[in-house]
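To be precise, the following lines are upload21.csv, and they hold CSV, C-alpha atoms.
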chain,number,residue,atom,x,y,z
A,1,MET,CA,103.4,124.1,66.4
A,2,THR,CA,103.3,120.6,67.8
A,3,THR,CA,105.9,119.5,70.3
A,4,LEU,CA,107.4,116.1,69.3
A,5,SER,CA,108.2,113.5,71.9
A,6,ALA,CA,110.8,110.7,72.1
A,7,ASP,CA,112.0,108.3,74.7
A,8,VAL,CA,115.7,107.7,75.4
A,9,PHE,CA,116.7,104.4,77.1
A,10,TRP,CA,119.8,105.2,79.1
A,11,SER,CA,122.3,103.8,81.7
A,12,PHE,CA,124.5,105.5,84.2
A,13,ARG,CA,127.2,102.9,83.6
A,14,SER,CA,127.2,103.3,79.9
A,15,PRO,CA,130.0,105.6,78.6
A,16,TYR,CA,128.2,106.1,75.3
A,17,SER,CA,125.1,107.2,77.2
A,18,TYR,CA,127.3,109.8,78.8
A,19,LEU,CA,128.5,111.0,75.4
A,20,ALA,CA,124.9,111.2,74.1
A,21,ALA,CA,123.2,112.9,77.1
A,22,ARG,CA,124.3,116.4,76.6
A,23,ARG,CA,123.6,116.2,72.9
A,24,TYR,CA,120.1,114.9,73.5
A,25,ARG,CA,119.6,117.7,76.0
A,26,ALA,CA,120.9,120.3,73.5
A,27,LEU,CA,118.3,119.0,71.0
A,28,THR,CA,115.5,119.8,73.4
A,29,GLU,CA,116.8,123.3,73.6
A,30,GLU,CA,117.3,123.8,69.9
A,31,TYR,CA,114.0,122.1,68.7
A,32,ASP,CA,110.4,121.9,69.9
A,33,LEU,CA,111.1,118.5,71.3
A,34,ARG,CA,110.6,116.6,74.5
A,35,ILE,CA,112.9,113.7,75.3
A,36,ASN,CA,111.8,111.5,78.1
A,37,LEU,CA,114.6,109.7,80.0
A,38,ARG,CA,113.8,106.0,80.7
A,39,PRO,CA,116.7,104.7,82.7
A,40,VAL,CA,117.6,101.0,82.7
A,41,TYR,CA,120.0,98.9,84.8
A,42,PRO,CA,123.2,98.2,82.9
A,43,LEU,CA,124.2,94.8,81.5
A,44,ALA,CA,126.2,94.1,84.5
A,45,ILE,CA,123.0,93.9,86.5
A,46,ARG,CA,120.7,92.5,83.9
A,47,GLN,CA,123.2,89.9,82.5
A,48,PRO,CA,126.1,89.6,84.9
A,49,ASP,CA,127.9,86.9,82.8
A,50,PHE,CA,128.0,89.2,79.7
A,51,PHE,CA,131.5,90.4,80.4
A,52,GLU,CA,132.8,86.9,81.0
A,53,THR,CA,131.2,85.3,77.9
A,54,ASN,CA,131.9,88.1,75.4
A,55,HIS,CA,134.9,88.2,73.1
A,56,PRO,CA,138.1,89.0,75.1
A,57,ASN,CA,138.7,92.1,72.9
A,58,TRP,CA,135.3,93.6,73.5
A,59,LEU,CA,136.0,95.6,76.6
A,60,GLY,CA,139.3,96.9,75.6
A,61,TYR,CA,138.1,98.1,72.2
A,62,THR,CA,135.0,99.6,73.7
A,63,MET,CA,137.0,101.8,76.1
A,64,ARG,CA,139.5,102.8,73.4
A,65,ASP,CA,136.6,103.8,71.1
A,66,PHE,CA,134.8,105.6,73.8
A,67,VAL,CA,137.8,107.8,74.6
A,68,ARG,CA,138.4,108.4,70.9
A,69,VAL,CA,134.8,109.5,70.3
A,70,ALA,CA,135.0,111.8,73.4
A,71,GLN,CA,138.1,113.4,72.0
A,72,TYR,CA,136.5,113.8,68.6
A,73,LEU,CA,133.5,115.5,70.2
A,74,GLU,CA,135.6,117.5,72.6
A,75,ILE,CA,133.8,116.1,75.6
A,76,PRO,CA,135.8,115.7,78.8
A,77,VAL,CA,136.3,112.1,79.9
A,78,ALA,CA,138.1,110.2,82.6
A,79,PRO,CA,137.7,106.8,84.2
A,80,PRO,CA,134.9,106.9,86.8
A,81,ARG,CA,136.1,107.0,90.4
A,82,PRO,CA,134.3,104.9,91.6
A,83,ASP,CA,132.9,102.9,88.8
A,84,PRO,CA,129.1,102.8,89.1
A,85,ILE,CA,129.4,99.0,88.9
A,86,VAL,CA,131.8,97.3,91.3
A,87,GLN,CA,133.6,94.9,89.0
A,88,ASN,CA,137.0,93.2,88.9
A,89,MET,CA,138.3,94.5,85.6
A,90,PHE,CA,140.9,91.7,85.4
A,91,THR,CA,138.5,88.7,85.9
A,92,ARG,CA,135.5,90.8,84.7
A,93,GLU,CA,133.5,89.4,87.6
A,94,ILE,CA,130.7,91.5,88.9
A,95,ALA,CA,130.6,91.9,92.7
A,96,ALA,CA,127.5,90.8,94.5
A,97,ASP,CA,127.3,94.0,96.5
A,98,GLN,CA,126.5,97.0,94.3
A,99,PRO,CA,126.2,100.2,96.4
A,100,TYR,CA,126.1,102.7,93.6
A,101,ILE,CA,124.1,101.7,90.5
A,102,PHE,CA,120.8,101.0,92.3
A,103,ARG,CA,120.9,104.4,94.0
A,104,LEU,CA,121.8,106.2,90.8
A,105,THR,CA,119.2,104.5,88.6
A,106,ARG,CA,116.4,105.0,91.1
A,107,LEU,CA,117.4,108.7,91.4
A,108,GLY,CA,117.2,108.9,87.6
A,109,GLN,CA,113.8,107.4,87.6
A,110,ALA,CA,112.6,109.7,90.3
A,111,ALA,CA,113.9,112.6,88.3
A,112,ALA,CA,112.1,111.2,85.2
A,113,ARG,CA,108.8,111.2,87.2
A,114,ARG,CA,109.3,115.0,87.5
A,115,GLY,CA,110.0,115.5,83.8
A,116,ALA,CA,113.7,116.3,84.5
A,117,GLY,CA,115.3,112.9,83.9
A,118,LEU,CA,117.4,113.8,81.0
A,119,ALA,CA,118.7,117.0,82.7
A,120,PHE,CA,119.6,115.0,85.8
A,121,ALA,CA,121.2,112.2,83.8
A,122,ASP,CA,123.3,114.7,81.9
A,123,GLU,CA,124.5,116.5,85.0
A,124,ALA,CA,125.2,113.3,87.0
A,125,SER,CA,127.0,111.6,84.2
A,126,ARG,CA,129.3,114.6,83.8
A,127,LEU,CA,130.4,113.9,87.3
A,128,ILE,CA,130.8,110.2,86.9
A,129,TRP,CA,132.5,110.2,83.5
A,130,GLY,CA,134.0,113.7,83.5
A,131,GLY,CA,136.6,113.2,86.2
A,132,THR,CA,135.0,114.1,89.5
A,133,GLU,CA,136.6,111.9,92.1
A,134,ASN,CA,134.2,110.4,94.7
A,135,TRP,CA,131.2,111.7,92.8
A,136,HIS,CA,129.0,109.7,95.1
A,137,GLU,CA,130.1,111.6,98.2
A,138,GLY,CA,129.6,115.1,99.6
A,139,ASP,CA,127.3,117.5,97.7
A,140,HIS,CA,128.3,116.4,94.1
A,141,LEU,CA,125.0,114.7,93.3
A,142,ALA,CA,123.0,117.3,95.1
A,143,GLY,CA,124.7,119.9,92.8
A,144,ALA,CA,123.8,117.9,89.8
A,145,ALA,CA,120.2,117.8,90.9
A,146,THR,CA,120.1,121.5,91.5
A,147,ARG,CA,121.5,122.2,88.1
A,148,ALA,CA,118.7,120.0,86.7
A,149,GLY,CA,116.2,122.0,88.6
A,150,LEU,CA,115.5,119.4,91.2
A,151,ASP,CA,115.4,119.0,95.0
A,152,PHE,CA,118.0,116.4,95.8
A,153,ALA,CA,116.8,115.7,99.3
A,154,GLU,CA,113.4,115.0,97.9
A,155,LEU,CA,114.8,112.6,95.2
A,156,GLU,CA,116.9,110.8,97.8
A,157,ALA,CA,114.0,110.3,100.1
A,158,GLU,CA,111.8,109.0,97.3
A,159,ALA,CA,114.5,106.7,96.0
A,160,ALA,CA,114.8,105.1,99.4
A,161,ALA,CA,111.1,105.0,100.4
A,162,ASP,CA,109.7,104.0,97.0
A,163,ALA,CA,112.5,101.7,95.8
A,164,GLU,CA,110.2,98.8,94.9
A,165,ALA,CA,107.9,101.0,92.7
A,166,LEU,CA,110.9,102.7,91.1
A,167,ASP,CA,112.4,99.3,90.3
A,168,ALA,CA,109.2,98.2,88.7
A,169,GLU,CA,109.2,101.3,86.5
A,170,ILE,CA,112.8,100.7,85.6
A,171,ALA,CA,112.0,97.1,84.6
A,172,ALA,CA,109.1,98.4,82.5
A,173,ASN,CA,111.6,100.7,80.8
A,174,GLN,CA,113.7,97.7,79.8
A,175,GLN,CA,110.6,95.8,78.5
A,176,ALA,CA,109.6,98.9,76.5
A,177,LEU,CA,113.2,99.1,75.0
A,178,GLU,CA,113.0,95.5,73.9
A,179,LYS,CA,109.5,95.9,72.5
A,180,ALA,CA,110.8,98.8,70.5
A,181,GLY,CA,113.3,96.5,68.8
A,182,HIS,CA,116.6,96.9,70.8
A,183,TRP,CA,118.3,96.0,74.0
A,184,GLY,CA,121.2,98.3,74.4
A,185,VAL,CA,121.8,101.9,75.4
A,186,PRO,CA,121.7,104.7,74.6
A,187,THR,CA,118.6,104.1,72.3
A,188,LEU,CA,116.3,106.9,71.3
A,189,VAL,CA,112.9,105.7,70.3
A,190,PHE,CA,110.7,108.0,68.2
A,191,ASP,CA,107.4,107.0,66.8
A,192,GLY,CA,108.2,103.4,67.6
A,193,GLU,CA,111.5,103.4,65.7
A,194,PRO,CA,114.7,102.8,67.6
A,195,PHE,CA,118.0,104.6,67.0
A,196,PHE,CA,120.7,102.8,68.9
A,197,GLY,CA,124.0,104.5,69.8
A,198,GLN,CA,125.4,108.0,70.2
A,199,ASP,CA,126.4,107.8,66.5
A,200,ARG,CA,122.7,107.7,65.4
A,201,ILE,CA,121.6,111.1,66.8
A,202,ASP,CA,121.8,112.9,63.5
A,203,ILE,CA,119.8,110.2,61.8
A,204,ALA,CA,117.2,110.4,64.5
A,205,VAL,CA,117.0,114.2,64.0
A,206,TRP,CA,116.6,113.6,60.3
A,207,ARG,CA,113.7,111.3,60.9
A,208,MET,CA,112.0,113.7,63.3
A,209,LYS,CA,112.3,116.5,60.8
A,210,GLN,CA,110.4,114.3,58.4
A,211,ALA,CA,107.7,114.2,61.0
A,212,GLY,CA,107.7,118.0,61.4
A,213,LEU,CA,110.4,118.8,64.0
A,214,GLU,CA,110.9,122.5,64.1
A,215,ALA,CA,113.5,124.8,65.7
A,216,ARG,CA,112.3,126.7,68.7
Hey, can you dump this file as structure tokens for me?
Amino acid sequence: MTTLSADVFWSFRSPYSYLAARRYRALTEEYDLRINLRPVYPLAIRQPDFFETNHPNWLGYTMRDFVRVAQYLEIPVAPPRPDPIVQNMFTREIAADQPYIFRLTRLGQAAARRGAGLAFADEASRLIWGGTENWHEGDHLAGAATRAGLDFAELEAEAAADAEALDAEIAANQQALEKAGHWGVPTLVFDGEPFFGQDRIDIAVWRMKQAGLEAR
């Protein structure tokens, strides 16, 4: 039996990434499959004017659809408190100071270095998008790390001390995503083929089964 491998490009600010994470993780438990988390910074960091130049209906529809899909999948959802990106939702302006997203993404990349990126992303996003107020304080993220089988103090120390190298790895993730043929998240890439969106998971599984994906 050969373990298949795929990469998932993922953002802590993306609500659809949240909806996909637990399902990707469940796939690795059901099938002989390894999914490597490759976190990227969200559009708000990579392209700050995106929200100001996009169609005025885009943001409202996206949030309506996200909540609807969450209800359909029976996944708990609530507005993040705080939002991983500091943004004026009326003007759509992205704040210059971003105290959350860099920490989160570096933690995710540090977890990915240990082969537990997907588990950490799943557990952390359940806090952020699942209704935990002040998820960034206290022992919330430490609990997420523990549930993912990680030492949070070790992750935090690495995220601070090795920030430059982690950011280079995160930038390489973005380049790899674009090389694979997409730019958004969540995108699963298997054998060079991108599957964008939480609504393409079943099709990705279908493709992997063609390549010999087997149940555990």
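Interatomic distance, CA of Thr3 (chain A) against CA of Phe195 (chain A): 19.5 Å.
Every protein or nucleic acid residue with an atom no more than 7 Å from region 8-17 of chain A, counting all atoms listed in the file and leaving out same-chain residues fewer than 2 positions away, appears here: Ala6, Leu19, Ala20, Ala21, Ile35, Asn36, Leu37, Arg38, Pro39, Val40, Tyr41, Pro42, Phe66, Pro84, Ile85, Thr105, Ser125, Leu177, Val185, Pro186, Thr187, Leu188, Val189 and Gln198 of chain A.
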Q: Select all residues near (108.5, 98.3, 75.8) (cut-off 12 Å, inclusive, file coordinates), counting only C-alpha atoms, and output them as a list in words.
A: Asp7, Val8, Phe9, Arg38, Val40, Glu169, Ile170, Ala171, Ala172, Asn173, Gln174, Gln175, Ala176, Leu177, Glu178, Lys179, Ala180, Gly181, His182, Trp183, Val189, Gly192, Glu193 and Pro194 of chain A
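With all atoms listed in the file as the atoms that count, the residue of A:Gly131, A:Gly143, A:Gly138, A:Gly212 with the shortest distance to Ser5 (chain A) is A:Gly212.
In this model, the gap between CA of Ala153 (chain A) and CA of Ala165 (chain A) comes to 18.4 Å.
Near Gly117 (chain A), within 8 Å and counting only C-alpha atoms, sit Asn36, Leu37, Arg38, Gly108, Gln109, Ala110, Ala111, Ala112, Arg113, Arg114, Phe120 and Ala121 of chain A, not including residues fewer than 3 positions from it in the same chain.
For the pair CA of Arg147 (chain A) and CA of Arg23 (chain A), the interatomic distance is 16.5 Å.
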Q: Could you give me, as a ChimeraX atom specification, the residues that have an atom at most 12 Å away from the point (133.4, 110.3, 87.0) in the coordinates of the file, using all atoms listed in the file?
A: /A:12-15,18,76-84,123-137,140-141
Could you turn the residues from that selection into a file that holds C-alpha atoms, as a PDB file, in the frame of the given file?
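What follows is the written file selection_28.pdb:
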ATOM      1  CA  PHE A  12     124.500 105.500  84.200  1.00  0.00           C
ATOM      2  CA  ARG A  13     127.200 102.900  83.600  1.00  0.00           C
ATOM      3  CA  SER A  14     127.200 103.300  79.900  1.00  0.00           C
ATOM      4  CA  PRO A  15     130.000 105.600  78.600  1.00  0.00           C
ATOM      5  CA  TYR A  18     127.300 109.800  78.800  1.00  0.00           C
ATOM      6  CA  PRO A  76     135.800 115.700  78.800  1.00  0.00           C
ATOM      7  CA  VAL A  77     136.300 112.100  79.900  1.00  0.00           C
ATOM      8  CA  ALA A  78     138.100 110.200  82.600  1.00  0.00           C
ATOM      9  CA  PRO A  79     137.700 106.800  84.200  1.00  0.00           C
ATOM     10  CA  PRO A  80     134.900 106.900  86.800  1.00  0.00           C
ATOM     11  CA  ARG A  81     136.100 107.000  90.400  1.00  0.00           C
ATOM     12  CA  PRO A  82     134.300 104.900  91.600  1.00  0.00           C
ATOM     13  CA  ASP A  83     132.900 102.900  88.800  1.00  0.00           C
ATOM     14  CA  PRO A  84     129.100 102.800  89.100  1.00  0.00           C
ATOM     15  CA  GLU A 123     124.500 116.500  85.000  1.00  0.00           C
ATOM     16  CA  ALA A 124     125.200 113.300  87.000  1.00  0.00           C
ATOM     17  CA  SER A 125     127.000 111.600  84.200  1.00  0.00           C
ATOM     18  CA  ARG A 126     129.300 114.600  83.800  1.00  0.00           C
ATOM     19  CA  LEU A 127     130.400 113.900  87.300  1.00  0.00           C
ATOM     20  CA  ILE A 128     130.800 110.200  86.900  1.00  0.00           C
ATOM     21  CA  TRP A 129     132.500 110.200  83.500  1.00  0.00           C
ATOM     22  CA  GLY A 130     134.000 113.700  83.500  1.00  0.00           C
ATOM     23  CA  GLY A 131     136.600 113.200  86.200  1.00  0.00           C
ATOM     24  CA  THR A 132     135.000 114.100  89.500  1.00  0.00           C
ATOM     25  CA  GLU A 133     136.600 111.900  92.100  1.00  0.00           C
ATOM     26  CA  ASN A 134     134.200 110.400  94.700  1.00  0.00           C
ATOM     27  CA  TRP A 135     131.200 111.700  92.800  1.00  0.00           C
ATOM     28  CA  HIS A 136     129.000 109.700  95.100  1.00  0.00           C
ATOM     29  CA  GLU A 137     130.100 111.600  98.200  1.00  0.00           C
ATOM     30  CA  HIS A 140     128.300 116.400  94.100  1.00  0.00           C
ATOM     31  CA  LEU A 141     125.000 114.700  93.300  1.00  0.00           C
TER      32      LEU A 141
END
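The closest residue to Phe196 (chain A), picked from A:Ala95, A:Ala157, A:Gly184, A:Asp122 and counting all atoms listed in the file, is A:Gly184.
Proximity to Ala26 (chain A) at 12 Å, evaluated using only C-alpha atoms and with sequence-adjacent residues fewer than 6 positions away removed, yields Ala20, Asp32, Leu33, Arg34, Ile35, Leu118, Ala119, Asp122, Ile201, Val205, Ala215 and Arg216 of chain A.
Closest approach to Met208 (chain A) among A:Tyr31, A:Ile45, A:Asp65, A:Ala70 is made by A:Tyr31 (distances from all atoms listed in the file).
Proximity ranking of A:Leu213, A:Ala148, A:Arg68, A:Gln98 relative to Arg25 (chain A) places A:Ala148 first, based on only C-alpha atoms.
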May I ask you to restore N, CA and C atoms in region 125-145 of chain A and write the result as a short mmCIF file (atom, residue, chain, number, x, y, z; two decimals), in the frame of the given file?
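Below is the file that was written, result_17.cif:
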data_model
loop_
_atom_site.label_atom_id
_atom_site.label_comp_id
_atom_site.auth_asym_id
_atom_site.auth_seq_id
_atom_site.Cartn_x
_atom_site.Cartn_y
_atom_site.Cartn_z
N SER A 125 126.03 112.31 84.96
CA SER A 125 127.00 111.60 84.20
C SER A 125 128.27 112.45 83.91
N ARG A 126 128.11 113.77 83.91
CA ARG A 126 129.30 114.60 83.80
C ARG A 126 130.20 114.48 84.99
N LEU A 127 129.62 114.20 86.14
CA LEU A 127 130.40 113.90 87.30
C LEU A 127 131.11 112.58 87.21
N ILE A 128 130.31 111.57 86.89
CA ILE A 128 130.80 110.20 86.90
C ILE A 128 131.89 109.97 85.85
N TRP A 129 131.64 110.44 84.62
CA TRP A 129 132.50 110.20 83.50
C TRP A 129 133.44 111.37 83.15
N GLY A 130 133.24 112.48 83.83
CA GLY A 130 134.00 113.70 83.50
C GLY A 130 135.17 113.97 84.40
N GLY A 131 135.44 113.08 85.36
CA GLY A 131 136.60 113.20 86.20
C GLY A 131 136.45 113.64 87.61
N THR A 132 135.21 113.71 88.09
CA THR A 132 135.00 114.10 89.50
C THR A 132 135.24 112.88 90.39
N GLU A 133 136.27 112.97 91.21
CA GLU A 133 136.60 111.90 92.10
C GLU A 133 135.59 111.84 93.25
N ASN A 134 135.20 110.62 93.63
CA ASN A 134 134.20 110.40 94.70
C ASN A 134 132.94 111.20 94.43
N TRP A 135 132.44 111.05 93.21
CA TRP A 135 131.20 111.70 92.80
C TRP A 135 130.01 111.37 93.64
N HIS A 136 130.11 110.21 94.32
CA HIS A 136 129.00 109.70 95.10
C HIS A 136 128.94 110.33 96.52
N GLU A 137 129.96 111.09 96.87
CA GLU A 137 130.10 111.60 98.20
C GLU A 137 129.82 113.14 98.22
N GLY A 138 129.72 113.68 99.43
CA GLY A 138 129.60 115.10 99.60
C GLY A 138 128.33 115.65 98.89
N ASP A 139 128.48 116.82 98.29
CA ASP A 139 127.30 117.50 97.70
C ASP A 139 127.35 117.38 96.14
N HIS A 140 128.16 116.44 95.59
CA HIS A 140 128.30 116.40 94.10
C HIS A 140 126.95 116.07 93.46
N LEU A 141 126.26 115.02 93.89
CA LEU A 141 125.00 114.70 93.30
C LEU A 141 123.92 115.69 93.58
N ALA A 142 124.00 116.28 94.76
CA ALA A 142 123.00 117.30 95.10
C ALA A 142 123.21 118.52 94.13
N GLY A 143 124.46 118.84 93.80
CA GLY A 143 124.70 119.90 92.80
C GLY A 143 124.18 119.57 91.47
N ALA A 144 124.34 118.30 91.07
CA ALA A 144 123.80 117.90 89.80
C ALA A 144 122.29 118.03 89.75
N ALA A 145 121.63 117.64 90.84
CA ALA A 145 120.20 117.80 90.90
C ALA A 145 119.76 119.24 90.85
#
